[in-house]
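Novice: This is the structure I want to talk about, given as structure tokens.
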Amino acid sequence: VVVISAVRLLRRRPPPRPAAAALPSDIARVATTAEVAAAVRAEGVCVVERVLDAAAVAALRERVAALEPRKRQNRRAKRWEHVHSPEAAAFAELAQHPSIAAAAKALLGPKHYLEKCGLVVSHPGATAQRRAHGHGSPACLVHC
């Protein structure tokens with residue numbers, strides 16, 4: 001007796017991508033480089049609005065989505081850090097943006113460099129992200 005069984009492989013569809021959540025309202029909104037430095041030193045994070053327009057954010061999202069991370073690090077349940085090369089054009093250009101470069105210089109001094117680029121990817125059900133960067137160094141976060 002020969003039993004032949006057909007197995008149908010289904011490609012699991014990813015869950016629909018939820019719209020970006022609004023930033024918490026208690027994060028300081030700042031406008032100047034000095035305010036950025038002070039807020040990041042005090043709270044670990046701040047919001048600077050209108051640094052990138054909608055078209056630039058959309059283009060950045062596309063460029064980053066096309067990159068393959070050099071490492072994926074499981075940070076917590078339902079949260080991963082994707083580590084990218086700082087030489088990737090999207091990140092190098094972002095680091096050279098006048099507002100971002102000025103904030104980095106104010107926080108780190110004139111002799112600083114881009115060591116790595118990490119994206120924290122949170123999936124539905126992940127716990128809230130901490131504000132301060134884990135090891136005491138300032139981090140530049142772009143909320144897209």
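All residue names refer to the structure tokens as shown: chains lettered A, B, ... in order, residues numbered from 1 in each chain, ligands numbered from 1 in order.
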Could you list, as a PyMOL selection string, every residue within 9 Å of region 73-90 of chain A, counting only C-alpha atoms and ignoring same-chain residues fewer than 3 positions away?

Specialist: chain A and resi 60+63-64+67-70+93-95+114-127

Novice: Can I get the selected residues back with N, CA and C atoms, as a PDB file, in the first residue's frame?

Specialist:
```pdb
ATOM      1  N   LEU A  60      13.174  58.039   3.283  1.00  0.00           N
ATOM      2  CA  LEU A  60      14.054  57.400   4.263  1.00  0.00           C
ATOM      3  C   LEU A  60      13.520  56.021   4.640  1.00  0.00           C
ATOM      4  N   ARG A  63      14.315  53.599   1.826  1.00  0.00           N
ATOM      5  CA  ARG A  63      15.740  53.286   1.746  1.00  0.00           C
ATOM      6  C   ARG A  63      16.171  52.357   2.874  1.00  0.00           C
ATOM      7  N   VAL A  64      15.672  52.596   4.074  1.00  0.00           N
ATOM      8  CA  VAL A  64      16.032  51.747   5.213  1.00  0.00           C
ATOM      9  C   VAL A  64      15.398  50.364   5.070  1.00  0.00           C
ATOM     10  N   LEU A  67      17.446  47.940   3.115  1.00  0.00           N
ATOM     11  CA  LEU A  67      18.736  47.511   3.665  1.00  0.00           C
ATOM     12  C   LEU A  67      18.595  46.195   4.424  1.00  0.00           C
ATOM     13  N   GLU A  68      19.615  45.382   4.348  1.00  0.00           N
ATOM     14  CA  GLU A  68      19.666  44.159   5.146  1.00  0.00           C
ATOM     15  C   GLU A  68      20.517  44.446   6.379  1.00  0.00           C
ATOM     16  N   PRO A  69      19.955  44.295   7.584  1.00  0.00           N
ATOM     17  CA  PRO A  69      20.762  44.551   8.782  1.00  0.00           C
ATOM     18  C   PRO A  69      21.962  43.613   8.856  1.00  0.00           C
ATOM     19  N   ARG A  70      23.071  44.113   9.417  1.00  0.00           N
ATOM     20  CA  ARG A  70      24.219  43.227   9.594  1.00  0.00           C
ATOM     21  C   ARG A  70      24.034  42.347  10.827  1.00  0.00           C
ATOM     22  N   GLU A  93      23.808  60.084   5.358  1.00  0.00           N
ATOM     23  CA  GLU A  93      23.169  61.353   4.988  1.00  0.00           C
ATOM     24  C   GLU A  93      22.349  61.913   6.144  1.00  0.00           C
ATOM     25  N   LEU A  94      21.663  61.058   6.865  1.00  0.00           N
ATOM     26  CA  LEU A  94      20.875  61.506   8.016  1.00  0.00           C
ATOM     27  C   LEU A  94      21.795  62.106   9.078  1.00  0.00           C
ATOM     28  N   ALA A  95      22.938  61.481   9.312  1.00  0.00           N
ATOM     29  CA  ALA A  95      23.889  61.989  10.305  1.00  0.00           C
ATOM     30  C   ALA A  95      24.468  63.336   9.895  1.00  0.00           C
ATOM     31  N   LEU A 114      29.875  58.297  13.729  1.00  0.00           N
ATOM     32  CA  LEU A 114      28.733  57.400  13.742  1.00  0.00           C
ATOM     33  C   LEU A 114      29.250  55.973  13.864  1.00  0.00           C
ATOM     34  N   GLU A 115      29.013  55.362  15.014  1.00  0.00           N
ATOM     35  CA  GLU A 115      29.538  54.025  15.300  1.00  0.00           C
ATOM     36  C   GLU A 115      28.665  52.923  14.719  1.00  0.00           C
ATOM     37  N   LYS A 116      27.372  53.033  14.902  1.00  0.00           N
ATOM     38  CA  LYS A 116      26.438  52.052  14.371  1.00  0.00           C
ATOM     39  C   LYS A 116      25.078  52.708  14.227  1.00  0.00           C
ATOM     40  N   CYS A 117      24.244  52.078  13.483  1.00  0.00           N
ATOM     41  CA  CYS A 117      22.879  52.554  13.307  1.00  0.00           C
ATOM     42  C   CYS A 117      21.951  51.438  13.724  1.00  0.00           C
ATOM     43  N   GLY A 118      21.123  51.707  14.694  1.00  0.00           N
ATOM     44  CA  GLY A 118      20.207  50.685  15.176  1.00  0.00           C
ATOM     45  C   GLY A 118      18.775  51.151  15.093  1.00  0.00           C
ATOM     46  N   LEU A 119      17.929  50.283  14.633  1.00  0.00           N
ATOM     47  CA  LEU A 119      16.498  50.551  14.586  1.00  0.00           C
ATOM     48  C   LEU A 119      15.831  49.597  15.555  1.00  0.00           C
ATOM     49  N   VAL A 120      15.047  50.109  16.455  1.00  0.00           N
ATOM     50  CA  VAL A 120      14.293  49.253  17.355  1.00  0.00           C
ATOM     51  C   VAL A 120      12.946  49.013  16.701  1.00  0.00           C
ATOM     52  N   VAL A 121      12.677  47.754  16.410  1.00  0.00           N
ATOM     53  CA  VAL A 121      11.442  47.375  15.731  1.00  0.00           C
ATOM     54  C   VAL A 121      10.545  46.701  16.762  1.00  0.00           C
ATOM     55  N   SER A 122       9.462  47.366  17.115  1.00  0.00           N
ATOM     56  CA  SER A 122       8.519  46.829  18.093  1.00  0.00           C
ATOM     57  C   SER A 122       7.306  46.279  17.362  1.00  0.00           C
ATOM     58  N   HIS A 123       6.895  45.091  17.757  1.00  0.00           N
ATOM     59  CA  HIS A 123       5.726  44.451  17.167  1.00  0.00           C
ATOM     60  C   HIS A 123       4.550  44.606  18.123  1.00  0.00           C
ATOM     61  N   PRO A 124       3.325  44.443  17.636  1.00  0.00           N
ATOM     62  CA  PRO A 124       2.160  44.576  18.520  1.00  0.00           C
ATOM     63  C   PRO A 124       2.323  43.724  19.771  1.00  0.00           C
ATOM     64  N   GLY A 125       2.009  44.327  20.912  1.00  0.00           N
ATOM     65  CA  GLY A 125       2.111  43.634  22.188  1.00  0.00           C
ATOM     66  C   GLY A 125       3.416  43.867  22.926  1.00  0.00           C
ATOM     67  N   ALA A 126       4.366  44.576  22.304  1.00  0.00           N
ATOM     68  CA  ALA A 126       5.646  44.861  22.963  1.00  0.00           C
ATOM     69  C   ALA A 126       5.421  45.855  24.098  1.00  0.00           C
ATOM     70  N   THR A 127       6.228  45.727  25.146  1.00  0.00           N
ATOM     71  CA  THR A 127       6.143  46.678  26.251  1.00  0.00           C
ATOM     72  C   THR A 127       6.710  48.021  25.815  1.00  0.00           C
TER      73      THR A 127
END
```

Novice: Using only C-alpha atoms, can you tell me which of A:Ala42, A:Val47, A:Ala66, A:Val57 comes closest to Ala28 (chain A)?

Specialist: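 Comparing A:Ala42, A:Val47, A:Ala66, A:Val57 against Ala28 (chain A), the winner is A:Val47.
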
Novice: List every residue of region 102-131 of chain A that DSSP, applied to the backbone, labels as helix (DSSP H, G or I), and write the result as a compact mmCIF listing (two decimals) with all heavy atoms, in the first residue's frame.

Specialist:
```txt
# COMPACT_ATOMS: atom_id res chain seq x y z
N ALA A 102 24.30 69.18 14.20
CA ALA A 102 24.49 70.19 15.24
C ALA A 102 24.15 69.62 16.62
O ALA A 102 24.85 69.89 17.60
CB ALA A 102 23.63 71.42 14.94
N ALA A 103 23.08 68.82 16.70
CA ALA A 103 22.70 68.22 17.98
C ALA A 103 23.78 67.24 18.45
O ALA A 103 24.15 67.23 19.62
CB ALA A 103 21.36 67.51 17.85
N ALA A 104 24.31 66.43 17.53
CA ALA A 104 25.37 65.48 17.89
C ALA A 104 26.61 66.22 18.38
O ALA A 104 27.23 65.83 19.37
CB ALA A 104 25.71 64.59 16.69
N LYS A 105 26.96 67.31 17.72
CA LYS A 105 28.13 68.09 18.13
C LYS A 105 27.91 68.71 19.51
O LYS A 105 28.81 68.72 20.35
CB LYS A 105 28.43 69.18 17.10
CG LYS A 105 29.70 69.94 17.38
CD LYS A 105 29.98 70.94 16.26
CE LYS A 105 31.26 71.72 16.55
NZ LYS A 105 31.56 72.68 15.48
N ALA A 106 26.70 69.21 19.77
CA ALA A 106 26.40 69.81 21.07
C ALA A 106 26.46 68.76 22.18
O ALA A 106 26.88 69.07 23.30
CB ALA A 106 25.02 70.47 21.04
N LEU A 107 26.04 67.54 21.89
CA LEU A 107 26.04 66.49 22.90
C LEU A 107 27.40 65.82 23.08
O LEU A 107 27.78 65.47 24.19
CB LEU A 107 25.02 65.41 22.52
CG LEU A 107 23.57 65.77 22.77
CD1 LEU A 107 22.65 64.85 22.00
CD2 LEU A 107 23.26 65.71 24.26
N LEU A 108 28.12 65.63 21.98
CA LEU A 108 29.32 64.79 22.01
C LEU A 108 30.62 65.54 21.75
O LEU A 108 31.69 64.95 21.86
CB LEU A 108 29.18 63.68 20.95
CG LEU A 108 27.93 62.80 21.11
CD1 LEU A 108 27.78 61.89 19.90
CD2 LEU A 108 27.99 62.01 22.39
```
